[in-house]
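Participant: Sharing a structure, written as structure tokens. Questions coming.
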Amino acid sequence: MVLLHVLFEHAAGYALFVVKEVEEIGMLLPQVEDCVLNIGKFNGMVSLAAFFPFKSAQAALDNINAISEGVVHADLKLFLETNLPIGGKKKAMLGVGDAKIGGALQEELGLAIQTGGVVAEILRGVRLHFHSLVKGLTAQAASKAQLGLGHSYSRAKVKFNVNRSDNMIIQSIALLDQLDKDINTFSMRVREWYGYHFPELIKIVTDNSTYCKMTQLIGNRKELSEESLESMEEVVMDSAKAQSILEASRSSMGMDISPIDLINIERFSNRVVSLAAYRLELQEYLHSKMGQVAPNLAALIGDVVGARLISHAGSLTNLAKYPASTVQILGAEKALFRALKTRGNTPKYGLIFHSTFIGRAAAKNKGRISRYLANKCTIASRIDAFSDVPTCVFGDKLRDQVEERLSFYETGEAPRKNLDVMKEAVIQAGEVAAEIKIKLAKKEKKRRKREKKLAALSTGDGEEEAGDGEAGATENGEAKKKKKKPVAEAIQMEEEASAAENGDAPAKKKKKRKCEAMEVEPVAEEAPETPQTEKKKKRKKKD
């Protein structure tokens, strides 16, 4: 007779249930489905054999990560070896919900594993009534454990190194391609719009961004004079071209334009120029991100082509998993399936066609060099995806190998062996990685010192606040000194205001104010004679 045990993985821990009368239950699957909702009937079918609670949230996270990857954790192995009866008359069979972990358990412990059917229905009932089947576990505690583990598991899956993120590269290259299309469309609109007024400028200035800048600079062509030759030379970077623009403006066949229309054209061309400037900034940003995320791929094939490969694959890890044959035709899927359908020639290259190597190769060697280049791109992407310290040493060496293969196709000069090149690259990469690690260690030390200083300052402030009562006498003297300054400033402000009302000049220094006050007092006793005092004296004499 077979004794069926069911393993249930919960956020609180592992649980092992014994299923009663497995043969009869297997025959009555609809009755099992009906009994799942009723806790009384379900207790008659299933009983708890053992329960292993997780010691901490980190232990729960480690176990759930192992289960999701199909790996048997040490805790799970110990739990099953302890509680699962392996020997005896009855053969033990373990029911699990996931076939991946079931295969791993079968290889690890040599158990008979069952998935699906009755096991799935029993696990559904266990999941529904788990808090009732395990003593001491409430529904609220079970839901909290599930919520906490769900958050930590999602955070661990989403967590990534900010400096090694390839999502930013995917968005940047998509935006760069969109900007190229938009700038081209808007520039053609500016050419058509301003061409009504100055059609000769289209043939003289061919670059879109330069044309928009010239549209801003010229404005009304009738106002163009020799004084603006220097400014036009700065934009066009050619004195002969600037002179030809001036001559064409004098004999232009274009129509006259109103100031309002000209203002709109200038505003639109300004937007196009700003978009072109932003595109250059975005290209610099992409260059820096490729240097951080995939330096070897960027050194081998270029920033833009490498970013397009990563974007098309979905991520750098996906690109690293592709074989070289897939990387070679990545981006040419339509041509490949069309060739397979019509039994024609399959494409030789996809996105890597934009590399300079294929353009430099002869027509008969394009397929060979694309195959060789795809091989090196695969190696570079795998190094970038799985290396701890990103360096561009391998990318430079792989680029040299492609250059040697090109020269071999042209001149017949034998290239170096791959083994010798990779040995040199490994030595150089180790040296560069050691230097980078030393720099990172120094930065970490500086950061720790800074944190210690900040912590010491914060603790010192707290001690000062705590010792205000003890150091009151010394602080009172300093406080009095500090209080004297605002009082003196207030007295000075009042004296200046009174002096301004009386028409006197404000005193600058304290000592001078005292001297002036001493001098003013006797003068106040012998006041100077005013016209009113003279009239009073005359009246007294007459009387």
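In the structure tokens, each chain is lettered A, B, ... as it comes, each chain's residues begin at 1, and ligands are numbered from 1 in order of appearance.
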What lies within 10 Å of Phe394 of chain A using only C-alpha atoms, ignoring chain neighbours under 5 positions off, as a JSON list (two decimals) with C-alpha atoms, in the first residue's frame?
Facilitator:
```json
[["chain", "number", "residue", "atom", "x", "y", "z"],
["A", 295, "PRO", "CA", 32.25, 48.15, -21.99],
["A", 296, "ASN", "CA", 33.64, 45.21, -23.99],
["A", 297, "LEU", "CA", 30.71, 45.12, -26.40],
["A", 299, "ALA", "CA", 34.70, 48.72, -27.49],
["A", 300, "LEU", "CA", 34.23, 45.93, -30.03],
["A", 376, "LYS", "CA", 33.34, 37.93, -30.91],
["A", 379, "ILE", "CA", 32.09, 36.47, -26.20],
["A", 380, "ALA", "CA", 32.11, 40.19, -25.29],
["A", 383, "ILE", "CA", 32.08, 38.75, -20.32],
["A", 384, "ASP", "CA", 30.09, 41.94, -19.70],
["A", 399, "ARG", "CA", 38.54, 44.31, -31.81],
["A", 400, "ASP", "CA", 42.22, 43.79, -32.64],
["A", 421, "VAL", "CA", 45.35, 36.85, -27.29],
["A", 422, "MET", "CA", 43.08, 35.74, -24.47],
["A", 424, "GLU", "CA", 47.28, 38.55, -22.66],
["A", 425, "ALA", "CA", 43.77, 39.88, -22.09],
["A", 426, "VAL", "CA", 43.34, 37.89, -18.86],
["A", 428, "GLN", "CA", 45.75, 42.87, -18.37],
["A", 429, "ALA", "CA", 42.18, 42.53, -17.11]]
```
Participant: Please provide the set of residues having any atom within 9 Å of segment 94-110 of chain A, restricted to only C-alpha atoms, with same-chain residues fewer than 4 positions apart removed, written as a ChimeraX atom specification.
Facilitator: /A:3-8,67-72,77,80-81,84,114-116,119-120,123
Participant: What lies within 9 Å of Arg308 of chain A using only C-alpha atoms, ignoring chain neighbours under 2 positions off, as a list in words?
Facilitator: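 That gives Ile169, Ile170, Ile173, Ala174, Asp303, Val304, Val305, Gly306, Ile310, Ser311, His312, Ala313 and Leu351 of chain A.
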Participant: Output N, CA and C atoms for every residue in that selection, as a tab-separated table (two decimals), in the first residue's frame.
Facilitator:
```
chain	number	residue	atom	x	y	z
A	169	ILE	N	19.75	51.72	-21.14
A	169	ILE	CA	20.32	51.66	-22.49
A	169	ILE	C	19.23	51.38	-23.52
A	170	ILE	N	18.30	50.49	-23.16
A	170	ILE	CA	17.22	50.15	-24.09
A	170	ILE	C	16.35	51.38	-24.36
A	173	ILE	N	18.44	54.13	-26.49
A	173	ILE	CA	18.61	53.87	-27.93
A	173	ILE	C	17.27	53.99	-28.66
A	174	ALA	N	16.18	53.62	-27.97
A	174	ALA	CA	14.86	53.80	-28.59
A	174	ALA	C	14.55	55.28	-28.78
A	303	ASP	N	29.05	51.95	-29.62
A	303	ASP	CA	27.98	52.18	-28.64
A	303	ASP	C	26.60	51.95	-29.22
A	304	VAL	N	26.35	52.51	-30.41
A	304	VAL	CA	24.99	52.48	-30.97
A	304	VAL	C	24.61	51.07	-31.39
A	305	VAL	N	25.51	50.37	-32.08
A	305	VAL	CA	25.20	49.01	-32.54
A	305	VAL	C	25.07	48.06	-31.35
A	306	GLY	N	25.96	48.21	-30.36
A	306	GLY	CA	25.86	47.38	-29.16
A	306	GLY	C	24.57	47.62	-28.40
A	310	ILE	N	21.48	44.92	-27.57
A	310	ILE	CA	20.90	44.70	-26.24
A	310	ILE	C	19.40	44.96	-26.26
A	311	SER	N	18.99	46.04	-26.94
A	311	SER	CA	17.57	46.38	-27.00
A	311	SER	C	16.77	45.30	-27.72
A	312	HIS	N	17.31	44.78	-28.80
A	312	HIS	CA	16.60	43.77	-29.58
A	312	HIS	C	16.51	42.45	-28.82
A	313	ALA	N	17.55	42.14	-28.05
A	313	ALA	CA	17.54	40.89	-27.27
A	313	ALA	C	16.66	41.01	-26.03
A	351	LEU	N	21.60	43.28	-37.46
A	351	LEU	CA	21.97	44.58	-36.91
A	351	LEU	C	23.47	44.84	-36.98
```
Participant: Give me the segment 121-203 of chain A side of the contact with segment 217-238 of chain A, cut-off 10 Å, one line per residue showing its nearest atom pair and distance in Å at one decimal, counting only C-alpha atoms, sorted by chain and residue number, as a tab-separated table.
Facilitator:
```
residue	atom	partner	partner_atom	distance
A:Tyr194	CA	A:Gly219	CA	9.3
A:His197	CA	A:Arg221	CA	7.8
A:Phe198	CA	A:Arg221	CA	7.0
```
Participant: Could you please determine the separation between atom CA of Lys321 of chain A and atom CA of Gly291 of chain A in Å, to one decimal place?
Facilitator: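 Straight-line distance from atom CA of Lys321 of chain A to atom CA of Gly291 of chain A works out to 20.6 Å.
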Participant: Quick check, in Å to one decimal: how far apart do atom CA of Ser252 of chain A and atom CA of Gln216 of chain A lie?
Facilitator: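 About the pair atom CA of Ser252 of chain A and atom CA of Gln216 of chain A: they are 17.8 Å apart.
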Participant: Give the alpha helix (DSSP H) residues of segment 389-440 of chain A, as DSSP finds them on the backbone, and put them as number ranges by chain.
Facilitator: A: 393-411, 418-440
Participant: May I have the selected residues written with C-alpha atoms, as a tab-separated table (two decimals), in the first residue's frame?
Facilitator:
```
chain	number	residue	atom	x	y	z
A	393	VAL	CA	40.35	45.09	-21.99
A	394	PHE	CA	38.69	42.07	-23.61
A	395	GLY	CA	36.74	44.30	-26.01
A	396	ASP	CA	39.92	45.99	-27.23
A	397	LYS	CA	41.62	42.63	-27.75
A	398	LEU	CA	38.61	41.22	-29.60
A	399	ARG	CA	38.54	44.31	-31.81
A	400	ASP	CA	42.22	43.79	-32.64
A	401	GLN	CA	41.41	40.20	-33.60
A	402	VAL	CA	38.69	41.33	-36.00
A	403	GLU	CA	41.12	43.86	-37.52
A	404	GLU	CA	43.69	41.09	-37.98
A	405	ARG	CA	41.07	38.86	-39.62
A	406	LEU	CA	40.18	41.68	-42.04
A	407	SER	CA	43.82	42.15	-42.96
A	408	PHE	CA	44.13	38.36	-43.38
A	409	TYR	CA	41.29	38.38	-45.93
A	410	GLU	CA	42.92	41.26	-47.81
A	411	THR	CA	46.67	40.49	-47.60
A	418	ASN	CA	42.94	33.16	-30.01
A	419	LEU	CA	44.57	31.40	-27.05
A	420	ASP	CA	47.56	33.76	-27.02
A	421	VAL	CA	45.35	36.85	-27.29
A	422	MET	CA	43.08	35.74	-24.47
A	423	LYS	CA	46.05	34.98	-22.19
A	424	GLU	CA	47.28	38.55	-22.66
A	425	ALA	CA	43.77	39.88	-22.09
A	426	VAL	CA	43.34	37.89	-18.86
A	427	ILE	CA	46.61	39.27	-17.45
A	428	GLN	CA	45.75	42.87	-18.37
A	429	ALA	CA	42.18	42.53	-17.11
A	430	GLY	CA	43.45	41.23	-13.76
A	431	GLU	CA	45.75	44.24	-13.39
A	432	VAL	CA	43.01	46.70	-14.32
A	433	ALA	CA	40.50	44.99	-12.02
A	434	ALA	CA	43.00	45.17	-9.13
A	435	GLU	CA	43.46	48.92	-9.71
A	436	ILE	CA	39.70	49.47	-9.82
A	437	LYS	CA	39.23	47.48	-6.59
A	438	ILE	CA	41.91	49.58	-4.86
A	439	LYS	CA	40.16	52.78	-5.93
A	440	LEU	CA	36.80	51.46	-4.74
```
Participant: So that I can check the surroundings of segment 62-64 of chain A, please list as an MDAnalysis selection string every protein, DNA and RNA residue that reaches within 9 Å of it, counting only C-alpha atoms and ignoring chain neighbours fewer than 6 positions away.
Facilitator: chainID A and resid 9 11 54 72:76 149 153
Participant: Just to be explicit: take each residue in the selection above, keep N, CA and C atoms, and write the result as a short mmCIF file (atom, residue, chain, number, x, y, z; two decimals), in the first residue's frame.
Facilitator:
```cif
data_model
loop_
_atom_site.label_atom_id
_atom_site.label_comp_id
_atom_site.auth_asym_id
_atom_site.auth_seq_id
_atom_site.Cartn_x
_atom_site.Cartn_y
_atom_site.Cartn_z
N GLU A 9 4.52 24.38 0.88
CA GLU A 9 5.45 25.46 1.21
C GLU A 9 4.64 26.71 1.53
N ALA A 11 4.64 30.70 3.69
CA ALA A 11 5.53 31.77 4.12
C ALA A 11 5.99 31.58 5.55
N PHE A 54 10.05 28.78 9.75
CA PHE A 54 11.28 29.49 9.40
C PHE A 54 11.73 30.33 10.59
N VAL A 72 16.92 22.26 -4.10
CA VAL A 72 16.55 21.75 -2.79
C VAL A 72 17.40 22.45 -1.74
N HIS A 73 16.76 23.22 -0.87
CA HIS A 73 17.48 23.91 0.20
C HIS A 73 17.85 22.93 1.31
N ALA A 74 18.87 23.30 2.08
CA ALA A 74 19.33 22.42 3.16
C ALA A 74 18.24 22.23 4.22
N ASP A 75 17.47 23.26 4.50
CA ASP A 75 16.38 23.14 5.48
C ASP A 75 15.31 22.16 5.01
N LEU A 76 14.96 22.24 3.72
CA LEU A 76 13.95 21.33 3.18
C LEU A 76 14.45 19.89 3.19
N LEU A 149 6.79 38.15 3.14
CA LEU A 149 7.63 37.36 2.24
C LEU A 149 7.42 37.77 0.79
N TYR A 153 10.47 39.03 -1.43
CA TYR A 153 10.79 38.25 -2.64
C TYR A 153 10.75 39.13 -3.88
#
```
Participant: In Å, how far is it from atom CA of Cys392 of chain A to atom CA of Gln292 of chain A?
Facilitator: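 Atom CA of Gln292 of chain A lies at a distance of 9.7 Å from atom CA of Cys392 of chain A.
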Participant: Using DSSP on the backbone, list every residue of segment 88-237 of chain A that comes out as strand (DSSP E or B), and give them as a ChimeraX atom specification.
Facilitator: /A:91-95,112-114
